[in-house]
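Trainee: I'm passing along my_file_7.cif; it holds mmCIF, C-alpha atoms.
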```
data_structure
loop_
_atom_site.label_atom_id
_atom_site.label_comp_id
_atom_site.auth_asym_id
_atom_site.auth_seq_id
_atom_site.Cartn_x
_atom_site.Cartn_y
_atom_site.Cartn_z
CA MET T 1 36.98 -36.07 -8.64
CA LEU T 2 35.91 -35.46 -5.07
CA THR T 3 38.50 -35.53 -2.31
CA ALA T 4 38.18 -34.80 1.36
CA THR T 5 40.97 -34.61 3.89
CA GLY T 6 40.91 -34.62 7.67
CA LEU T 7 37.13 -34.31 8.00
CA SER T 8 35.72 -34.33 11.47
CA CYS T 9 32.21 -33.86 12.74
CA VAL T 10 31.06 -32.74 16.17
CA ARG T 11 27.43 -33.03 17.25
CA GLY T 12 26.79 -31.32 20.56
CA GLU T 13 29.40 -32.68 22.97
CA ARG T 14 30.15 -35.78 20.92
CA ARG T 15 32.78 -36.20 18.27
CA LEU T 16 31.27 -38.53 15.66
CA PHE T 17 34.37 -39.01 13.55
CA ALA T 18 37.72 -37.31 13.06
CA GLY T 19 40.56 -37.31 10.57
CA LEU T 20 38.48 -38.86 7.81
CA ASP T 21 40.01 -38.97 4.31
CA LEU T 22 38.19 -40.04 1.18
CA ALA T 23 38.52 -39.79 -2.57
CA VAL T 24 36.08 -40.72 -5.32
CA GLY T 25 37.15 -40.57 -8.95
CA PRO T 26 35.15 -40.84 -12.20
CA GLY T 27 33.39 -44.19 -12.49
CA GLU T 28 33.91 -44.99 -8.82
CA TRP T 29 31.50 -45.23 -5.96
CA LEU T 30 31.92 -45.10 -2.21
CA HIS T 31 29.89 -47.20 0.18
CA VAL T 32 29.73 -45.49 3.57
CA GLN T 33 29.14 -48.05 6.29
CA GLY T 34 28.69 -47.74 10.02
CA GLU T 35 26.37 -48.48 12.91
CA ASN T 36 23.23 -46.48 13.52
CA GLY T 37 24.29 -43.10 14.84
CA ALA T 38 27.87 -43.44 13.65
CA GLY T 39 27.54 -40.27 11.60
CA LYS T 40 26.87 -41.55 8.09
CA THR T 41 24.14 -39.02 7.38
CA SER T 42 26.23 -36.25 8.98
CA LEU T 43 29.11 -37.15 6.66
CA LEU T 44 26.88 -37.05 3.59
CA ARG T 45 25.40 -33.70 4.65
CA ILE T 46 28.91 -32.31 5.09
CA LEU T 47 29.90 -33.59 1.64
CA ALA T 48 26.76 -32.01 0.20
CA THR T 49 27.76 -28.68 1.83
CA LEU T 50 24.56 -28.65 3.90
CA SER T 51 26.57 -28.34 7.09
CA PRO T 52 30.19 -27.27 7.50
CA PRO T 53 32.75 -29.79 8.84
CA ALA T 54 34.28 -29.06 12.25
CA GLU T 55 37.70 -29.59 10.67
CA GLY T 56 39.02 -30.58 7.28
CA GLU T 57 38.44 -29.60 3.68
CA ILE T 58 36.47 -30.92 0.71
CA ARG T 59 37.78 -30.42 -2.81
CA TRP T 60 35.99 -30.89 -6.13
CA HIS T 61 38.40 -31.24 -9.05
CA ASN T 62 41.11 -29.81 -6.76
CA GLU T 63 39.18 -26.65 -5.93
CA PRO T 64 37.72 -26.14 -2.44
CA VAL T 65 33.94 -26.58 -2.63
CA ALA T 66 33.40 -23.44 -0.57
CA ALA T 67 34.93 -21.41 -3.41
CA LEU T 68 33.02 -23.26 -6.13
CA ALA T 69 29.58 -22.94 -4.48
CA GLU T 70 27.22 -22.80 -7.46
CA ASP T 71 29.27 -24.96 -9.85
CA TYR T 72 29.58 -27.70 -7.25
CA ARG T 73 25.85 -27.60 -6.48
CA ARG T 74 25.08 -27.90 -10.18
CA ALA T 75 27.32 -30.97 -10.51
CA MET T 76 25.99 -32.66 -7.38
CA LEU T 77 22.68 -34.29 -6.53
CA PHE T 78 21.83 -35.00 -2.90
CA LEU T 79 18.93 -37.18 -1.84
CA GLY T 80 18.38 -37.32 1.90
CA HIS T 81 16.10 -39.31 4.20
CA HIS T 82 13.19 -37.16 3.16
CA GLY T 83 12.56 -37.32 -0.50
CA ALA T 84 11.69 -33.68 -1.11
CA VAL T 85 8.53 -35.00 -2.75
CA LYS T 86 5.41 -32.89 -2.21
CA GLU T 87 2.45 -35.00 -1.13
CA GLU T 88 -0.16 -32.74 -2.71
CA LEU T 89 1.45 -32.68 -6.14
CA THR T 90 1.45 -35.43 -8.74
CA PRO T 91 4.67 -37.31 -9.62
CA LEU T 92 4.80 -35.44 -12.91
CA GLU T 93 4.50 -32.02 -11.23
CA ASN T 94 7.07 -33.04 -8.64
CA LEU T 95 9.59 -33.95 -11.31
CA THR T 96 9.15 -30.85 -13.45
CA LEU T 97 9.14 -28.49 -10.45
CA ALA T 98 12.26 -30.10 -8.97
CA ALA T 99 13.99 -29.64 -12.33
CA GLN T 100 12.93 -25.99 -12.46
CA LEU T 101 14.27 -25.44 -8.94
CA ASP T 102 17.59 -26.82 -10.18
CA GLY T 103 17.55 -24.13 -12.87
CA THR T 104 16.90 -26.54 -15.72
CA THR T 105 13.81 -27.32 -17.75
CA LEU T 106 12.28 -30.74 -18.13
CA ASP T 107 9.66 -31.36 -20.78
CA ALA T 108 6.66 -33.46 -19.89
CA ALA T 109 7.54 -36.24 -22.34
CA THR T 110 10.96 -36.90 -20.77
CA ALA T 111 9.50 -36.78 -17.28
CA LEU T 112 6.73 -39.17 -18.25
CA GLN T 113 9.24 -41.54 -19.82
CA ALA T 114 11.26 -41.61 -16.59
CA LEU T 115 8.13 -42.30 -14.53
CA VAL T 116 7.10 -45.14 -16.84
CA ARG T 117 10.59 -46.61 -16.57
CA PHE T 118 10.15 -46.84 -12.80
CA GLY T 119 6.78 -48.49 -13.00
CA LEU T 120 4.62 -45.46 -12.32
CA ARG T 121 2.62 -45.69 -15.52
CA GLY T 122 -0.92 -44.50 -14.90
CA ARG T 123 0.08 -42.89 -11.56
CA GLU T 124 1.59 -39.73 -13.05
CA ASP T 125 -1.55 -37.66 -12.45
CA LEU T 126 -2.32 -38.98 -8.99
CA ALA T 127 -1.33 -36.91 -5.96
CA VAL T 128 1.71 -38.47 -4.29
CA ARG T 129 -0.12 -38.90 -0.98
CA PHE T 130 -2.18 -41.65 -2.62
CA LEU T 131 0.98 -43.61 -3.47
CA SER T 132 2.66 -46.18 -1.24
CA ALA T 133 6.00 -45.50 0.49
CA GLY T 134 7.84 -47.54 -2.12
CA GLN T 135 6.16 -45.74 -4.99
CA LYS T 136 7.17 -42.41 -3.44
CA ARG T 137 10.77 -43.58 -3.48
CA ARG T 138 10.32 -44.54 -7.13
CA VAL T 139 9.40 -40.93 -7.91
CA LEU T 140 12.80 -40.04 -6.47
CA LEU T 141 14.52 -42.63 -8.64
CA ALA T 142 12.87 -41.03 -11.66
CA ARG T 143 14.44 -37.76 -10.49
CA LEU T 144 17.88 -39.42 -10.43
CA ALA T 145 17.30 -40.54 -14.01
CA VAL T 146 16.39 -37.10 -15.37
CA ARG T 147 18.74 -34.83 -13.42
CA LYS T 148 22.15 -34.44 -15.00
CA ALA T 149 24.70 -34.50 -12.21
CA SER T 150 28.11 -36.09 -12.11
CA LEU T 151 28.17 -36.71 -8.35
CA TRP T 152 25.32 -38.49 -6.59
CA ILE T 153 25.14 -38.38 -2.81
CA LEU T 154 22.43 -40.79 -1.70
CA ASP T 155 21.38 -41.41 1.88
CA GLU T 156 19.82 -44.87 2.27
CA PRO T 157 18.48 -45.00 -1.29
CA PHE T 158 17.24 -48.59 -0.93
CA THR T 159 14.81 -47.92 1.92
CA ALA T 160 11.24 -49.08 1.22
CA LEU T 161 12.08 -50.41 -2.23
CA ASP T 162 10.94 -53.85 -3.41
CA VAL T 163 13.28 -56.35 -5.10
CA LYS T 164 12.44 -55.08 -8.56
CA ALA T 165 13.04 -51.45 -7.66
CA VAL T 166 16.32 -52.31 -5.93
CA ALA T 167 17.47 -53.92 -9.19
CA MET T 168 16.33 -50.84 -11.12
CA LEU T 169 18.25 -48.50 -8.82
CA SER T 170 21.38 -50.67 -8.98
CA GLY T 171 21.08 -50.60 -12.77
CA LEU T 172 20.68 -46.83 -12.70
CA ILE T 173 23.78 -46.37 -10.54
CA GLU T 174 25.73 -48.76 -12.78
CA GLU T 175 24.77 -46.73 -15.86
CA HIS T 176 25.76 -43.54 -14.06
CA LEU T 177 29.18 -44.99 -13.13
CA ALA T 178 29.74 -46.37 -16.63
CA ALA T 179 29.18 -42.86 -18.00
CA GLY T 180 31.96 -41.56 -15.76
CA GLY T 181 29.76 -40.47 -12.88
CA MET T 182 30.53 -40.77 -9.17
CA ALA T 183 28.34 -41.92 -6.32
CA ILE T 184 28.56 -41.85 -2.55
CA LEU T 185 25.89 -43.76 -0.70
CA THR T 186 24.97 -45.25 2.63
CA SER T 187 23.22 -48.56 2.80
CA HIS T 188 22.98 -51.52 5.13
CA GLN T 189 22.74 -53.83 2.15
CA SER T 190 25.78 -55.08 0.25
CA MET T 191 25.81 -53.92 -3.33
CA PRO T 192 27.23 -55.87 -6.26
CA LEU T 193 28.53 -52.87 -8.21
CA PRO T 194 31.97 -52.54 -9.83
CA ASN T 195 34.66 -50.07 -8.72
CA GLY T 196 33.32 -49.81 -5.22
CA LYS T 197 35.23 -48.60 -2.19
CA VAL T 198 34.11 -49.05 1.38
CA LEU T 199 34.44 -46.40 4.04
CA SER T 200 33.70 -47.54 7.59
CA ILE T 201 33.02 -44.97 10.26
CA MET F 1 14.65 -15.85 -12.35
CA HIS F 2 13.27 -19.00 -13.91
CA SER F 3 13.46 -20.91 -10.62
CA VAL F 4 11.97 -18.01 -8.66
CA ILE F 5 8.86 -18.09 -10.86
CA ALA F 6 8.84 -21.87 -10.52
CA ILE F 7 8.76 -21.66 -6.73
CA ILE F 8 6.00 -19.04 -6.74
CA ARG F 9 3.95 -21.26 -9.07
CA ARG F 10 4.63 -24.30 -6.91
CA ASP F 11 3.54 -22.58 -3.69
CA LEU F 12 0.38 -21.23 -5.33
CA LEU F 13 -0.38 -24.72 -6.65
CA LEU F 14 0.13 -26.16 -3.16
CA ALA F 15 -2.15 -23.50 -1.69
CA MET F 16 -4.82 -24.46 -4.23
CA ARG F 17 -4.56 -28.11 -3.20
CA ARG F 18 -4.64 -27.21 0.51
CA LYS F 19 -7.43 -24.66 0.31
CA SER F 20 -8.46 -25.04 3.96
CA GLU F 21 -5.28 -23.37 5.23
CA VAL F 22 -5.77 -20.25 3.13
CA LEU F 23 -9.50 -20.10 3.79
CA THR F 24 -9.05 -20.47 7.57
CA ALA F 25 -7.01 -17.25 7.76
CA LEU F 26 -9.45 -15.49 5.46
CA PHE F 27 -12.57 -16.47 7.41
CA PHE F 28 -10.82 -15.61 10.66
CA PHE F 29 -10.24 -12.09 9.29
CA ILE F 30 -13.84 -11.73 8.10
CA ILE F 31 -15.35 -12.99 11.35
CA VAL F 32 -13.16 -11.00 13.74
CA VAL F 33 -13.73 -7.76 11.81
CA SER F 34 -17.49 -8.41 11.65
CA LEU F 35 -17.80 -9.18 15.37
CA PHE F 36 -16.86 -5.65 16.41
CA PRO F 37 -19.82 -3.78 14.85
CA LEU F 38 -22.14 -6.47 16.20
CA GLY F 39 -20.71 -6.17 19.71
CA ILE F 40 -20.47 -2.39 19.87
CA GLY F 41 -23.79 -1.54 18.29
CA PRO F 42 -24.88 0.98 15.65
CA GLU F 43 -22.99 4.08 16.82
CA SER F 44 -21.55 5.15 13.51
CA ALA F 45 -19.19 7.82 14.94
CA LEU F 46 -17.56 5.30 17.28
CA LEU F 47 -17.41 2.61 14.57
CA ARG F 48 -15.72 5.00 12.14
CA LYS F 49 -13.15 5.82 14.82
CA ILE F 50 -12.22 2.21 15.66
CA ALA F 51 -12.47 0.83 12.10
CA PRO F 52 -8.82 1.24 10.97
CA GLY F 53 -7.44 -0.21 14.18
CA VAL F 54 -9.81 -3.18 14.20
CA ILE F 55 -9.17 -4.04 10.55
CA TRP F 56 -5.42 -3.71 10.94
CA VAL F 57 -5.21 -5.77 14.14
CA SER F 58 -7.34 -8.47 12.50
CA ALA F 59 -5.08 -8.42 9.45
CA LEU F 60 -2.00 -8.88 11.68
CA LEU F 61 -3.57 -11.83 13.49
CA ALA F 62 -4.85 -13.42 10.26
CA THR F 63 -1.34 -13.20 8.78
CA MET F 64 0.06 -14.82 11.94
CA LEU F 65 -2.21 -17.85 11.53
CA GLY F 66 -0.53 -19.29 8.47
CA LEU F 67 2.97 -18.06 9.24
CA ALA F 68 4.19 -21.17 11.07
CA ARG F 69 3.43 -23.18 7.94
CA LEU F 70 5.54 -20.96 5.68
CA PHE F 71 8.70 -23.09 5.89
CA ALA F 72 7.64 -26.02 8.11
CA PRO F 73 6.29 -28.34 5.36
CA ASP F 74 9.36 -27.69 3.19
CA HIS F 75 11.58 -28.40 6.18
CA ALA F 76 9.75 -31.63 7.02
CA ASP F 77 9.83 -33.16 3.54
CA GLY F 78 13.38 -32.15 2.62
CA THR F 79 12.45 -29.56 -0.01
CA LEU F 80 14.28 -26.90 1.98
CA GLU F 81 17.54 -28.88 1.68
CA GLN F 82 17.04 -29.03 -2.07
CA MET F 83 16.41 -25.28 -2.14
CA VAL F 84 19.69 -24.67 -0.30
CA LEU F 85 21.48 -26.93 -2.80
CA SER F 86 19.86 -25.32 -5.83
CA PRO F 87 22.22 -23.34 -8.10
CA THR F 88 19.85 -20.39 -7.67
CA PRO F 89 20.79 -18.28 -4.62
CA LEU F 90 18.64 -19.21 -1.62
CA GLY F 91 17.77 -15.56 -1.03
CA LEU F 92 15.93 -15.38 -4.36
CA LEU F 93 14.01 -18.60 -3.69
CA VAL F 94 13.05 -17.31 -0.23
CA ALA F 95 11.87 -14.07 -1.83
CA GLY F 96 9.74 -16.17 -4.19
CA LYS F 97 8.19 -18.00 -1.26
CA ILE F 98 7.41 -14.69 0.47
CA VAL F 99 5.73 -13.39 -2.70
CA ALA F 100 3.61 -16.55 -2.86
CA HIS F 101 2.72 -16.16 0.84
CA TRP F 102 1.60 -12.58 0.23
CA ILE F 103 -0.52 -13.57 -2.78
CA THR F 104 -2.30 -16.26 -0.76
CA THR F 105 -2.72 -14.39 2.55
CA GLY F 106 -2.04 -10.68 2.11
CA LEU F 107 -3.74 -9.95 -1.20
CA PRO F 108 -7.13 -11.47 -0.22
CA LEU F 109 -7.12 -9.27 2.91
CA VAL F 110 -6.51 -6.19 0.76
CA LEU F 111 -9.39 -7.14 -1.53
CA LEU F 112 -11.77 -7.93 1.32
CA ALA F 113 -11.00 -4.87 3.45
CA PRO F 114 -13.19 -2.35 1.53
CA VAL F 115 -16.19 -4.67 1.75
CA LEU F 116 -15.69 -5.18 5.48
CA GLY F 117 -15.03 -1.46 5.94
CA ILE F 118 -18.60 -0.69 4.88
CA GLN F 119 -19.78 -2.26 8.15
CA PHE F 120 -17.96 0.54 9.95
CA ASP F 121 -19.59 3.27 7.91
CA LEU F 122 -16.32 4.37 6.32
CA ASP F 123 -16.75 6.68 3.32
CA ARG F 124 -15.28 6.06 -0.10
CA GLY F 125 -12.12 8.11 0.47
CA ALA F 126 -11.31 6.39 3.75
CA LEU F 127 -11.85 2.97 2.17
CA GLY F 128 -9.44 3.91 -0.63
CA ILE F 129 -6.76 4.93 1.89
CA LEU F 130 -7.41 1.72 3.85
CA VAL F 131 -6.83 -0.40 0.73
CA LEU F 132 -3.71 1.57 -0.16
CA ALA F 133 -2.30 1.24 3.36
CA LEU F 134 -3.00 -2.52 3.37
CA LEU F 135 -1.46 -2.86 -0.09
CA LEU F 136 1.77 -1.37 1.30
CA GLY F 137 1.47 -2.99 4.72
CA THR F 138 0.57 -6.63 4.03
CA PRO F 139 3.76 -7.37 2.03
CA LEU F 140 5.61 -5.90 5.00
CA LEU F 141 3.79 -8.36 7.28
CA SER F 142 4.77 -11.29 5.04
CA LEU F 143 8.41 -10.15 4.89
CA ILE F 144 8.80 -9.64 8.65
CA GLY F 145 6.83 -12.81 9.34
CA ALA F 146 9.18 -14.85 7.15
CA ILE F 147 12.12 -13.91 9.41
CA GLY F 148 10.19 -15.12 12.45
CA ALA F 149 9.04 -18.30 10.72
CA ALA F 150 12.64 -19.11 9.74
CA LEU F 151 13.99 -18.37 13.23
CA THR F 152 11.44 -20.65 14.94
CA LEU F 153 11.77 -23.45 12.37
CA GLY F 154 12.10 -26.82 14.08
CA VAL F 155 11.63 -25.32 17.56
CA ARG F 156 9.16 -27.17 19.76
CA GLY F 157 6.25 -24.91 20.67
CA GLY F 158 7.44 -22.61 17.93
CA GLY F 159 3.94 -21.21 17.34
CA VAL F 160 3.81 -19.23 20.58
CA LEU F 161 7.40 -18.12 20.23
CA LEU F 162 6.64 -16.97 16.69
CA SER F 163 3.83 -14.70 17.93
CA LEU F 164 6.03 -13.26 20.67
CA LEU F 165 8.79 -12.64 18.17
CA VAL F 166 6.81 -11.25 15.26
CA LEU F 167 3.91 -9.28 16.75
CA PRO F 168 6.16 -6.59 18.35
CA LEU F 169 7.86 -6.17 14.97
CA TYR F 170 4.45 -5.62 13.39
CA VAL F 171 3.81 -2.57 15.61
CA PRO F 172 5.23 0.04 13.18
CA ALA F 173 3.10 -1.34 10.34
CA LEU F 174 0.06 -1.22 12.62
CA ILE F 175 0.70 2.36 13.77
CA PHE F 176 1.35 3.82 10.33
CA GLY F 177 -1.26 1.67 8.58
CA ALA F 178 -4.11 2.48 10.93
CA GLY F 179 -2.78 6.03 11.34
CA ALA F 180 -3.06 6.67 7.60
CA VAL F 181 -6.83 6.14 7.63
CA GLU F 182 -7.30 8.07 10.88
CA SER F 183 -5.40 11.11 9.66
CA HIS F 184 -7.34 11.02 6.37
CA VAL F 185 -10.64 10.98 8.28
CA SER F 186 -9.52 13.87 10.51
CA GLY F 187 -8.57 15.88 7.41
CA LEU F 188 -4.77 15.86 7.86
CA GLY F 189 -4.07 13.79 4.74
CA ALA F 190 -2.60 10.29 4.69
CA GLY F 191 0.53 11.09 2.66
CA GLY F 192 2.99 11.07 5.54
CA HIS F 193 1.83 7.78 6.99
CA LEU F 194 1.74 6.07 3.61
CA SER F 195 5.25 7.32 2.77
CA LEU F 196 6.59 5.92 6.03
CA LEU F 197 4.84 2.62 5.35
CA ALA F 198 6.38 2.53 1.88
CA ALA F 199 9.81 3.31 3.34
CA LEU F 200 9.45 0.44 5.81
CA LEU F 201 8.43 -1.84 2.94
CA ALA F 202 11.45 -0.82 0.87
CA LEU F 203 13.72 -1.50 3.83
CA ALA F 204 12.13 -4.90 4.46
CA VAL F 205 12.34 -5.94 0.79
CA PHE F 206 16.11 -5.66 0.99
CA PHE F 207 16.67 -6.84 4.52
CA ALA F 208 14.07 -9.57 5.18
CA PRO F 209 14.99 -12.16 2.49
CA TRP F 210 18.63 -11.90 3.56
CA ALA F 211 17.82 -12.32 7.27
CA THR F 212 15.41 -15.16 6.51
CA THR F 213 18.07 -16.95 4.47
CA ALA F 214 20.59 -16.66 7.28
CA ALA F 215 18.06 -18.04 9.77
CA LEU F 216 17.15 -20.95 7.47
CA ARG F 217 20.79 -21.93 7.09
CA ILE F 218 21.15 -22.06 10.88
CA ALA F 219 18.00 -24.18 11.16
CA LEU F 220 19.30 -26.69 8.62
CA GLU F 221 22.77 -27.22 10.11
#
```
Can I see the file as structure tokens?

Mentor:
Amino acid sequence: MLTATGLSCVRGERRLFAGLDLAVGPGEWLHVQGENGAGKTSLLRILATLSPPAEGEIRWHNEPVAALAEDYRRAMLFLGHHGAVKEELTPLENLTLAAQLDGTTLDAATALQALVRFGLRGREDLAVRFLSAGQKRRVLLARLAVRKASLWILDEPFTALDVKAVAMLSGLIEEHLAAGGMAILTSHQSMPLPNGKVLSI
Amino acid sequence: MHSVIAIIRRDLLLAMRRKSEVLTALFFFIIVVSLFPLGIGPESALLRKIAPGVIWVSALLATMLGLARLFAPDHADGTLEQMVLSPTPLGLLVAGKIVAHWITTGLPLVLLAPVLGIQFDLDRGALGILVLALLLGTPLLSLIGAIGAALTLGVRGGGVLLSLLVLPLYVPALIFGAGAVESHVSGLGAGGHLSLLAALLALAVFFAPWATTAALRIALE
């Protein structure tokens, strides 16, 4: 359960939002909506503990995230605008190295299975810079599938995806929610997923 | 520890795939060091005298070349964010990156130095001291350089700023590194200089990853 109370964010001289409250429980997801520049990405970065809020507090299972540090980071997966995918490495290497950075191990068979699921069969040994923008995003989706995290924080996850991949990602999020996971995401598309809440900033 | 080894392996793998970056610094070092004997002419006494300084200054500049790219690609593609969010402390991951940077830029300089030193008519003992001084000094260059690279991350025109920031901090390494060979040649023994270099390295090993981490966190906010 993630709760935040009285969050506010200041960028330079501008106050993007103030007094923001939110709560996401197991099996629920939060759709953050707002105009370009409203502070959606800033909110997600604050929730991911990448930047501190100007005011307010974030709690994970009723403990402040600042005190939890490592445990919170283990339970949370953040995917930002940039995919953290290395262009020179192959999708397979990207997946296994990302898992190792998270302090877990990922065997090649599981990684390969995830890549095949997202339609990257036969591309696993090709450097990512030879893939299209949509295929790069699919590598990220494979990462969502293999990383065990109960809270997903996704910034514009549907960018550059084709219809089929959008359906795959929706399916993936649905599975995650059904298993008791939580998700917070920004998107300009409407999403037909159960247990959704909308937060407009 | 597992993730630290993973990040070293990843950076070495990336360096292998982007060979040109590593080779540029290496060829720069070779060419600059080789230009001096060609320009000054075959006066072996003079060459022996300037050798340590020339090799050390070239090593500093060669290290500078790749420094701006230490964190910039990770910053641009979002890997740095993932490193901050990793359960492993960021300081350890940063230390891993510095180790990988030393293996790709510092270690080749150490290995090449004795070969290049022959052009300056250095004898076997002086070459040994030169290698030893570089072995202690080049990790120091990587460690100090990482602080500068983190501080100038995302700054426009960061390259020039990086040089202005880092080169003055390299001065102690230059003085004691080049001084070690000089004092060996003049018969005073290199022990004092090498000990000071080692002390600086020990200090930097503790201080630099911490300072780099703090600077990276500021850059990401």

Trainee: Between CA of Asn195 (chain T) and CA of Gly171 (chain T), what is the spacing in Å?

Mentor: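 Separation between CA of Gly171 (chain T) and CA of Asn195 (chain T): 14.2 Å.
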
Trainee: Would you mind listing, for every residue of chain F within 10 Å of chain T, the two atoms forming the shortest contact and the distance between them in Å to one decimal, using only C-alpha atoms, sorted by chain and ascending residue number, as JSON lines?

Mentor:
```
{"residue": "F:Met1", "atom": "CA", "partner": "T:Gly103", "partner_atom": "CA", "distance": 8.8}
{"residue": "F:His2", "atom": "CA", "partner": "T:Gly103", "partner_atom": "CA", "distance": 6.8}
{"residue": "F:Ser3", "atom": "CA", "partner": "T:Leu101", "partner_atom": "CA", "distance": 4.9}
{"residue": "F:Val4", "atom": "CA", "partner": "T:Leu101", "partner_atom": "CA", "distance": 7.8}
{"residue": "F:Ile5", "atom": "CA", "partner": "T:Gln100", "partner_atom": "CA", "distance": 9.0}
{"residue": "F:Ala6", "atom": "CA", "partner": "T:Gln100", "partner_atom": "CA", "distance": 6.1}
{"residue": "F:Ile7", "atom": "CA", "partner": "T:Leu101", "partner_atom": "CA", "distance": 7.0}
{"residue": "F:Arg9", "atom": "CA", "partner": "T:Leu97", "partner_atom": "CA", "distance": 9.0}
{"residue": "F:Arg10", "atom": "CA", "partner": "T:Leu97", "partner_atom": "CA", "distance": 7.1}
{"residue": "F:Leu13", "atom": "CA", "partner": "T:Leu89", "partner_atom": "CA", "distance": 8.2}
{"residue": "F:Leu14", "atom": "CA", "partner": "T:Glu88", "partner_atom": "CA", "distance": 6.6}
{"residue": "F:Ala15", "atom": "CA", "partner": "T:Glu88", "partner_atom": "CA", "distance": 9.5}
{"residue": "F:Met16", "atom": "CA", "partner": "T:Glu88", "partner_atom": "CA", "distance": 9.6}
{"residue": "F:Arg17", "atom": "CA", "partner": "T:Glu88", "partner_atom": "CA", "distance": 6.4}
{"residue": "F:Arg18", "atom": "CA", "partner": "T:Glu88", "partner_atom": "CA", "distance": 7.8}
{"residue": "F:Pro73", "atom": "CA", "partner": "T:Lys86", "partner_atom": "CA", "distance": 8.9}
{"residue": "F:Asp74", "atom": "CA", "partner": "T:Ala84", "partner_atom": "CA", "distance": 7.7}
{"residue": "F:His75", "atom": "CA", "partner": "T:Ala84", "partner_atom": "CA", "distance": 9.0}
{"residue": "F:Ala76", "atom": "CA", "partner": "T:His82", "partner_atom": "CA", "distance": 7.6}
{"residue": "F:Asp77", "atom": "CA", "partner": "T:Ala84", "partner_atom": "CA", "distance": 5.0}
{"residue": "F:Gly78", "atom": "CA", "partner": "T:Ala84", "partner_atom": "CA", "distance": 4.4}
{"residue": "F:Thr79", "atom": "CA", "partner": "T:Ala84", "partner_atom": "CA", "distance": 4.3}
{"residue": "F:Leu80", "atom": "CA", "partner": "T:Ala84", "partner_atom": "CA", "distance": 7.9}
{"residue": "F:Glu81", "atom": "CA", "partner": "T:Leu50", "partner_atom": "CA", "distance": 7.4}
{"residue": "F:Gln82", "atom": "CA", "partner": "T:Ala84", "partner_atom": "CA", "distance": 7.2}
{"residue": "F:Met83", "atom": "CA", "partner": "T:Leu101", "partner_atom": "CA", "distance": 7.1}
{"residue": "F:Val84", "atom": "CA", "partner": "T:Leu50", "partner_atom": "CA", "distance": 7.6}
{"residue": "F:Leu85", "atom": "CA", "partner": "T:Arg73", "partner_atom": "CA", "distance": 5.8}
{"residue": "F:Ser86", "atom": "CA", "partner": "T:Asp102", "partner_atom": "CA", "distance": 5.1}
{"residue": "F:Pro87", "atom": "CA", "partner": "T:Glu70", "partner_atom": "CA", "distance": 5.1}
{"residue": "F:Thr88", "atom": "CA", "partner": "T:Gly103", "partner_atom": "CA", "distance": 6.8}
{"residue": "F:Pro89", "atom": "CA", "partner": "T:Glu70", "partner_atom": "CA", "distance": 8.4}
{"residue": "F:Leu93", "atom": "CA", "partner": "T:Leu101", "partner_atom": "CA", "distance": 8.6}
{"residue": "F:Arg217", "atom": "CA", "partner": "T:Leu50", "partner_atom": "CA", "distance": 8.3}
{"residue": "F:Ile218", "atom": "CA", "partner": "T:Ser51", "partner_atom": "CA", "distance": 9.1}
{"residue": "F:Leu220", "atom": "CA", "partner": "T:Leu50", "partner_atom": "CA", "distance": 7.3}
{"residue": "F:Glu221", "atom": "CA", "partner": "T:Ser51", "partner_atom": "CA", "distance": 5.0}
```

Trainee: Between CA of Glu156 (chain T) and CA of Arg129 (chain T), what is the spacing in Å?

Mentor: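 Separation between CA of Arg129 (chain T) and CA of Glu156 (chain T): 21.1 Å.
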
Trainee: Find the spatial neighbours of Ala145 (chain T), counting all atoms listed in the file, within a cut-off of 12 Å - ignore same-chain residues fewer than 3 positions away - and output them as a PyMOL selection string.

Mentor: chain T and resi 77+95+99+106+110-118+138-142+148-150+152+168-169+171-176

Trainee: CA of Gly189 (chain F) and CA of Ala173 (chain F) are how many Å apart?

Mentor: 17.7 Å

Trainee: Starting from the displayed file, determine the output of the PyMOL selection byres ((chain F and resi 113) around 12) and express the residue list as a PyMOL selection string.

Mentor: chain F and resi 26+29-30+33-34+51-52+54-56+58-59+106-112+114-120+122+126-135+138

Trainee: Give me the result of the PyMOL selection byres ((chain F and resi 182) around 10) on this file, residue by residue, as JSON, numbers by chain.

Mentor: {"F": [48, 49, 50, 51, 52, 53, 126, 129, 130, 176, 177, 178, 179, 180, 181, 183, 184, 185, 186, 187, 188, 189, 190, 193]}

Trainee: Produce a file of the selected residues containing C-alpha atoms, as a CSV table (one decimal), keeping the file's coordinate frame.

Mentor:
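And here is the file that came out, out28.csv:
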```csv
chain,number,residue,atom,x,y,z
F,48,ARG,CA,-15.7,5.0,12.1
F,49,LYS,CA,-13.2,5.8,14.8
F,50,ILE,CA,-12.2,2.2,15.7
F,51,ALA,CA,-12.5,0.8,12.1
F,52,PRO,CA,-8.8,1.2,11.0
F,53,GLY,CA,-7.4,-0.2,14.2
F,126,ALA,CA,-11.3,6.4,3.8
F,129,ILE,CA,-6.8,4.9,1.9
F,130,LEU,CA,-7.4,1.7,3.8
F,176,PHE,CA,1.4,3.8,10.3
F,177,GLY,CA,-1.3,1.7,8.6
F,178,ALA,CA,-4.1,2.5,10.9
F,179,GLY,CA,-2.8,6.0,11.3
F,180,ALA,CA,-3.1,6.7,7.6
F,181,VAL,CA,-6.8,6.1,7.6
F,183,SER,CA,-5.4,11.1,9.7
F,184,HIS,CA,-7.3,11.0,6.4
F,185,VAL,CA,-10.6,11.0,8.3
F,186,SER,CA,-9.5,13.9,10.5
F,187,GLY,CA,-8.6,15.9,7.4
F,188,LEU,CA,-4.8,15.9,7.9
F,189,GLY,CA,-4.1,13.8,4.7
F,190,ALA,CA,-2.6,10.3,4.7
F,193,HIS,CA,1.8,7.8,7.0
```
